[in-house]
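Take a look at the structure set out below.
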Amino acid sequence: MIIVIGAGPAGLAAALAASRTGTEVALIDSATRMGGQYWRHRTSVTGYMSERADLLFSKVAAAESITHISEATVWSAERNGDMVKINYLQGGIENSLVGEKVILATGAYDRALPFPGWDTPGSMTPGAAQSLLKGHGVLPGQKVIVAGTGPFLLPVATGLAESGAEIVGLFDANSPVRWSLSLRALISNVSKFFELIYYARALKKHGIRPQFGRAITAFKDGVATVSRIDSRFAIVRRQSSLQADVVAVGWGFLPDLSLGGILGCAQKIDSDGTVIFSVDSLQLSSQANIWIAGEATGIGGADLSLIEGEIAGLAASNQEVPHSLLRKRARKQLFADALKRSYPVRDGWRSWLLPATTICRCEEVKLEEITDSVSELGAEDSRTAKLFTRAGMGLCQGRMCSRNVSDIVSGVTGCAVSDTERIAGSNRPIAAPISLGQLSDGNIRL
Amino acid sequence: MSNAQSFAFNGQEIEFEEGQSIAAALINCDKRELRSTRFGKEPRSIFCGIGICFDCIVVINGVSNQRSCLIEAHDGMKVESGE
């Protein structure tokens with residue numbers, strides 16, 4: 001049996017490709033419906049090229065050899081001889097599956113940067129705004145600002161406007177001029193122009209004028225501060241104050257590496273500093289019989305995830321992978337690299353912070369506590385700073401703040417964050433919280 | 001009697017649509033503040049929206065640390081902000 005973890009674009013493509021030979025496939029996902037975060041929906045998917053999602057859903061649902069295990073949260077995985085055991089919680093009940101082969105397609109979540117007020121109600125990630133709207137049919141607010149960087153801000157802003165929210169502002173920290181650094185990627189991905197035109201029309205229809213080189217640098221009592229920033233993200237001047245009940249701010253995405261990390265899959269640092277998995281040309285990880293597809297092998301969006309998933313599914317079920325598919329992946333990877341070059345996140349965000357700005361949301365650790373742990377207590381890296389301050393030791397296990405804490409500590413010590421430190425900060429012993437009661441009920445070994 | 005489904009949030013009845021998460025139903029009723037923090041008693045709401053950040057945790061039927069962005073609302077649930 002092949003176990004596919006994650007039912008977003010990569011996982012769906014992997015499950016479908018693997019099922020073509022009649023191989024038994026278990027597709028595990030934590031949500032009720034297929035689609036992952038990207039194709040989140042209540043009845044059917046909406047937005048650019050959404051019809052391909054519904055087609056994929058119906059194909060997966062119709063494939064007899066695929067069993068879709070929904071609402072199941074995988075919290076750990078272990079090697080059992082040649083087999084892999086996947087432990088999951090479904091409706092509060094601990095269960096497990098054993099398979100010869102595993103395809104990890106666990107996706108990514110919004111990268112958040114701290115700023116004064118980012119921890120107050122009304123401040124959320126664009127992903128949260130999207131999830132409320134598409135997954136639950138609820139507008140996150142009436143007057144919304146969408147900001148941060150990257151192409152994901154476009155579907156969020158236009159989707160909210162389409163549903164009746166007033167988009168008070170759409171601010172990208174980077175300038176579109178940066179795309180001129182990646183002409184080859186643009187020429188080999190002409191289809192992306194159609195997507196851009198689609199969103200340009202939608203923005204125009206709703207009277208939204210995106211502004212570049214700007215960031216939300218504070219949010220308090222329903223008022224957001226918009227600042228003009230330079231290419232290093234340092235504030236040039238505070239430009240205006242805008243009234244908004246929601247600021248949805250996101251800085252690209254971070255993959256969730258927990259499960260692959262537990263299984264010992266080798267990791268590396270991507271060109272944008274993100275920790276990702278090393279995989280070979282067929283998406284095989286450093287561990288035998290564990291393939292990884294989608295955002296966890298480098299943030300690249302749904303198009304790339306679909307291709308990577310298909311390659312992993314074919315390889316895991318011993319089918320031949322056509323060269324044309326590998327060439328298609330190379331083209332999409334070129335575009336993914338261009339995205340990273342066009343929407344970088346620069347260190348200057350650290351200058352937006354105040355001493356009392358919360359950095360670790362879970363443990364309520366403020367900037368001054370982290371800087372003091374370095375300058376007064378002698379912490380030399382984020383691991384030591386974390387032990388002094390508890391930053392990154394709360395319920396989210398550092399998923400939100402560990403990268404930011406590393407960058408803040410590095411800013412004080414003047415030493416660059418090492419690859420080892422980045423990789424250590426992205427791994428955790430369990431993939432999802434489990435209560436001691438649930439642990440003690442079953443025969444679970446950690 | 002109406003057919004609307006509802007749960008109690010800190011004692012107040014909140015109506016919801018089938019399939020909505022607890023956090024979504026609360027935000028739909030303009031209840032943005034889901035809890036206050038342990039040390040600073042600062043108000044917190046939904047942040048990542050997909051179960052990663054644990055900022056939206058509430059007590060559901062007596063069980064604490066439940067992510068309100070993930071858990072679907074059910075009729076008659078008792079939801080509290082907790083300590």
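Scheme for the structure tokens: letters A, B, ... for chains in order shown; per-chain residue numbers from 1; ligand numbers from 1 in order shown.
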**OP:** Identify every residue of chain B that has at least one atom within 8 Å of any atom of chain A, counting only C-alpha atoms, and report the result as a VMD selection string.
**Re:** chain B and resid 19 to 21 24 to 25 27 to 28 32 to 33 37 39 to 40 42 to 50 52 to 55
Those same residues, written as a PDB file, in the first residue's frame with C-alpha atoms?
```pdb
ATOM      1  CA  GLY B  19     -20.074  23.177   8.478  1.00  0.00           C
ATOM      2  CA  GLN B  20     -18.798  26.491   9.886  1.00  0.00           C
ATOM      3  CA  SER B  21     -15.918  26.461  12.340  1.00  0.00           C
ATOM      4  CA  ALA B  24     -15.847  31.566  11.722  1.00  0.00           C
ATOM      5  CA  ALA B  25     -19.274  31.577  13.389  1.00  0.00           C
ATOM      6  CA  ILE B  27     -16.380  36.337  13.656  1.00  0.00           C
ATOM      7  CA  ASN B  28     -19.590  36.281  11.624  1.00  0.00           C
ATOM      8  CA  ARG B  32     -13.521  38.823  17.275  1.00  0.00           C
ATOM      9  CA  GLU B  33     -11.951  38.403  20.695  1.00  0.00           C
ATOM     10  CA  THR B  37      -3.551  35.566  27.002  1.00  0.00           C
ATOM     11  CA  PHE B  39       0.254  36.437  31.268  1.00  0.00           C
ATOM     12  CA  GLY B  40      -0.548  39.791  29.672  1.00  0.00           C
ATOM     13  CA  GLU B  42      -4.195  40.572  25.942  1.00  0.00           C
ATOM     14  CA  PRO B  43      -7.122  39.831  23.606  1.00  0.00           C
ATOM     15  CA  ARG B  44      -6.444  37.309  20.841  1.00  0.00           C
ATOM     16  CA  SER B  45      -8.356  36.155  17.785  1.00  0.00           C
ATOM     17  CA  ILE B  46      -7.954  33.912  14.765  1.00  0.00           C
ATOM     18  CA  PHE B  47      -4.517  34.402  13.158  1.00  0.00           C
ATOM     19  CA  CYS B  48      -3.340  31.637  10.795  1.00  0.00           C
ATOM     20  CA  GLY B  49      -6.829  30.232  10.281  1.00  0.00           C
ATOM     21  CA  ILE B  50      -5.569  26.741   9.436  1.00  0.00           C
ATOM     22  CA  ILE B  52      -0.951  26.053  12.881  1.00  0.00           C
ATOM     23  CA  CYS B  53      -0.659  28.956  15.331  1.00  0.00           C
ATOM     24  CA  PHE B  54      -2.970  27.985  18.235  1.00  0.00           C
ATOM     25  CA  ASP B  55      -3.945  31.615  18.843  1.00  0.00           C
TER      26      ASP B  55
END
```
Subject >> Which of range 43-220 of chain A fall in strand (DSSP E), as a PyMOL selection string >> reply: chain A and resi 66-69+72-80+83-90+93-99+101-104+108-110+123-124+143-149+166-172+211-212+214-220
Resulting file, chosen residues, C-alpha atoms, as a JSON list (two decimals), in the first residue's frame:
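File produced: again.json:
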```
[["chain", "number", "residue", "atom", "x", "y", "z"],
["A", 66, "ILE", "CA", -7.94, 5.22, -3.48],
["A", 67, "THR", "CA", -9.31, 5.36, 0.06],
["A", 68, "HIS", "CA", -9.71, 8.96, 1.24],
["A", 69, "ILE", "CA", -9.30, 9.17, 5.02],
["A", 72, "ALA", "CA", -7.45, 12.67, 10.19],
["A", 73, "THR", "CA", -4.48, 14.51, 11.70],
["A", 74, "VAL", "CA", -1.20, 12.66, 11.37],
["A", 75, "TRP", "CA", 0.81, 13.31, 14.52],
["A", 76, "SER", "CA", 3.75, 10.97, 14.08],
["A", 77, "ALA", "CA", 5.36, 8.39, 11.83],
["A", 78, "GLU", "CA", 7.82, 5.61, 12.49],
["A", 79, "ARG", "CA", 9.89, 3.06, 10.60],
["A", 80, "ASN", "CA", 8.92, -0.53, 11.27],
["A", 83, "MET", "CA", 7.33, -0.63, 6.53],
["A", 84, "VAL", "CA", 6.29, 2.84, 7.65],
["A", 85, "LYS", "CA", 3.66, 3.28, 10.34],
["A", 86, "ILE", "CA", 1.60, 6.47, 10.23],
["A", 87, "ASN", "CA", -0.16, 7.43, 13.46],
["A", 88, "TYR", "CA", -3.18, 9.68, 13.21],
["A", 89, "LEU", "CA", -6.05, 11.06, 15.23],
["A", 90, "GLN", "CA", -9.53, 10.96, 13.78],
["A", 93, "ILE", "CA", -9.49, 8.47, 18.38],
["A", 94, "GLU", "CA", -5.93, 7.30, 17.85],
["A", 95, "ASN", "CA", -5.42, 5.07, 14.83],
["A", 96, "SER", "CA", -2.60, 3.96, 12.56],
["A", 97, "LEU", "CA", -1.86, 2.72, 9.05],
["A", 98, "VAL", "CA", 1.07, 0.69, 7.82],
["A", 99, "GLY", "CA", 2.36, 0.90, 4.25],
["A", 101, "LYS", "CA", 5.64, 3.42, 0.65],
["A", 102, "VAL", "CA", 4.79, 6.94, 1.72],
["A", 103, "ILE", "CA", 4.35, 10.15, -0.27],
["A", 104, "LEU", "CA", 4.49, 13.30, 1.86],
["A", 108, "ALA", "CA", 2.77, 25.02, 3.60],
["A", 109, "TYR", "CA", 1.36, 27.81, 5.75],
["A", 110, "ASP", "CA", 1.67, 31.62, 5.62],
["A", 123, "SER", "CA", -4.60, 41.14, 12.37],
["A", 124, "MET", "CA", -4.38, 37.82, 10.55],
["A", 143, "LYS", "CA", -12.83, 47.07, 5.69],
["A", 144, "VAL", "CA", -9.78, 44.99, 4.89],
["A", 145, "ILE", "CA", -6.15, 45.76, 4.09],
["A", 146, "VAL", "CA", -4.18, 43.05, 2.26],
["A", 147, "ALA", "CA", -0.41, 43.39, 2.51],
["A", 148, "GLY", "CA", 2.96, 41.63, 2.69],
["A", 149, "THR", "CA", 4.49, 40.28, -0.47],
["A", 166, "GLU", "CA", -14.10, 46.94, 1.01],
["A", 167, "ILE", "CA", -10.39, 46.57, 0.20],
["A", 168, "VAL", "CA", -8.97, 49.68, 1.85],
["A", 169, "GLY", "CA", -5.51, 48.98, 0.47],
["A", 170, "LEU", "CA", -3.38, 46.37, -1.28],
["A", 171, "PHE", "CA", 0.30, 46.81, -0.49],
["A", 172, "ASP", "CA", 3.23, 44.73, -1.71],
["A", 211, "GLN", "CA", 0.75, 49.96, -4.26],
["A", 212, "PHE", "CA", 4.33, 48.74, -4.13],
["A", 214, "ARG", "CA", 4.88, 49.69, 1.08],
["A", 215, "ALA", "CA", 4.20, 47.74, 4.25],
["A", 216, "ILE", "CA", 1.88, 47.77, 7.23],
["A", 217, "THR", "CA", 4.25, 48.64, 10.07],
["A", 218, "ALA", "CA", 1.75, 49.01, 12.92],
["A", 219, "PHE", "CA", -1.89, 48.22, 13.71],
["A", 220, "LYS", "CA", -3.76, 49.56, 16.71]]
```
Which neighbours of Leu387 in chain A fall inside 12 Å, counting only C-alpha atoms, when residues of the same chain fewer than 5 positions from it are skipped, and could you give them as a PDB file with N, CA and C atoms, in the first residue's frame?
```pdb
ATOM      1  N   VAL A 365       6.403  36.358  24.346  1.00  0.00           N
ATOM      2  CA  VAL A 365       7.765  36.857  24.538  1.00  0.00           C
ATOM      3  C   VAL A 365       7.954  38.106  23.691  1.00  0.00           C
ATOM      4  N   GLU A 369      12.912  41.078  25.492  1.00  0.00           N
ATOM      5  CA  GLU A 369      13.362  39.891  26.235  1.00  0.00           C
ATOM      6  C   GLU A 369      14.357  39.097  25.413  1.00  0.00           C
ATOM      7  N   ILE A 370      14.115  39.037  24.094  1.00  0.00           N
ATOM      8  CA  ILE A 370      15.029  38.280  23.226  1.00  0.00           C
ATOM      9  C   ILE A 370      16.359  39.023  23.074  1.00  0.00           C
ATOM     10  N   SER A 373      18.349  38.679  26.159  1.00  0.00           N
ATOM     11  CA  SER A 373      18.944  37.356  26.367  1.00  0.00           C
ATOM     12  C   SER A 373      20.275  37.256  25.628  1.00  0.00           C
ATOM     13  N   VAL A 374      20.407  38.040  24.561  1.00  0.00           N
ATOM     14  CA  VAL A 374      21.673  38.039  23.818  1.00  0.00           C
ATOM     15  C   VAL A 374      22.657  39.009  24.467  1.00  0.00           C
ATOM     16  N   LEU A 377      22.413  38.253  28.765  1.00  0.00           N
ATOM     17  CA  LEU A 377      22.595  36.890  29.278  1.00  0.00           C
ATOM     18  C   LEU A 377      23.586  36.080  28.441  1.00  0.00           C
ATOM     19  N   GLY A 378      23.989  36.644  27.317  1.00  0.00           N
ATOM     20  CA  GLY A 378      25.040  35.990  26.532  1.00  0.00           C
ATOM     21  C   GLY A 378      24.581  34.910  25.577  1.00  0.00           C
ATOM     22  N   ALA A 379      23.293  34.876  25.229  1.00  0.00           N
ATOM     23  CA  ALA A 379      22.836  33.896  24.242  1.00  0.00           C
ATOM     24  C   ALA A 379      23.518  34.172  22.910  1.00  0.00           C
ATOM     25  N   GLU A 380      24.021  33.134  22.254  1.00  0.00           N
ATOM     26  CA  GLU A 380      24.735  33.340  20.997  1.00  0.00           C
ATOM     27  C   GLU A 380      23.950  32.870  19.782  1.00  0.00           C
ATOM     28  N   ASP A 381      22.906  32.088  20.021  1.00  0.00           N
ATOM     29  CA  ASP A 381      22.070  31.643  18.911  1.00  0.00           C
ATOM     30  C   ASP A 381      20.619  31.547  19.392  1.00  0.00           C
ATOM     31  N   SER A 382      19.712  31.229  18.455  1.00  0.00           N
ATOM     32  CA  SER A 382      18.299  31.255  18.816  1.00  0.00           C
ATOM     33  C   SER A 382      17.955  30.135  19.806  1.00  0.00           C
ATOM     34  N   GLY A 392       9.205  30.314  21.128  1.00  0.00           N
ATOM     35  CA  GLY A 392       9.174  29.118  20.280  1.00  0.00           C
ATOM     36  C   GLY A 392       8.859  27.842  21.026  1.00  0.00           C
ATOM     37  N   MET A 393       8.552  27.948  22.337  1.00  0.00           N
ATOM     38  CA  MET A 393       8.295  26.742  23.118  1.00  0.00           C
ATOM     39  C   MET A 393       6.828  26.559  23.470  1.00  0.00           C
ATOM     40  N   GLY A 394       5.956  27.295  22.808  1.00  0.00           N
ATOM     41  CA  GLY A 394       4.525  27.194  23.108  1.00  0.00           C
ATOM     42  C   GLY A 394       3.827  26.132  22.280  1.00  0.00           C
TER      43      GLY A 394
END
```
Original post:
In Å, how far is it from CA of Arg346 in chain A to CA of Phe233 in chain A?
Top reply: 5.8 Å
Subject >> Within 12 Å of Ala200 in chain A using only C-alpha atoms, minus same-chain residues under 2 positions, as a list in words >> reply: Tyr48, Pro151, Leu154, Pro155, Ala157, Thr158, Phe193, Phe194, Glu195, Leu196, Ile197, Tyr198, Ala202, Leu203, Lys204, Lys205, His206, Gly207, Ile208, Arg209 and Pro210 of chain A
Using C-alpha atoms, can you write the selected residues to a file as a tab-separated table (two decimals), in the first residue's frame?
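Dumped everything to again-v8.tsv:
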```tsv
chain	number	residue	atom	x	y	z
A	48	TYR	CA	-8.48	31.21	-11.50
A	151	PRO	CA	1.24	36.82	-5.82
A	154	LEU	CA	-4.04	39.03	-5.45
A	155	PRO	CA	-6.55	36.17	-5.11
A	157	ALA	CA	-7.84	40.78	-2.21
A	158	THR	CA	-10.00	40.07	-5.24
A	193	PHE	CA	0.54	36.14	-18.17
A	194	PHE	CA	-3.06	34.96	-18.53
A	195	GLU	CA	-3.27	34.50	-14.78
A	196	LEU	CA	-1.88	38.00	-14.27
A	197	ILE	CA	-4.40	39.45	-16.72
A	198	TYR	CA	-7.19	37.58	-14.90
A	202	ALA	CA	-10.53	41.58	-11.17
A	203	LEU	CA	-8.60	44.35	-9.37
A	204	LYS	CA	-9.80	46.92	-11.87
A	205	LYS	CA	-13.39	45.75	-11.60
A	206	HIS	CA	-13.34	46.38	-7.86
A	207	GLY	CA	-11.35	49.61	-8.09
A	208	ILE	CA	-8.37	48.21	-6.17
A	209	ARG	CA	-5.06	49.90	-6.98
A	210	PRO	CA	-2.10	47.90	-5.69
```
**OP:** To one decimal in Å, tell me the separation between CA of Leu27 in chain A and CA of Val4 in chain A.
**Re:**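 Separation between CA of Leu27 in chain A and CA of Val4 in chain A: 4.8 Å.
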**OP:** Write out as a count of residues only which residues come within 12 Å of Pro355 in chain A when counting only C-alpha atoms, dropping same-chain ones fewer than 3 positions away.
**Re:** 17
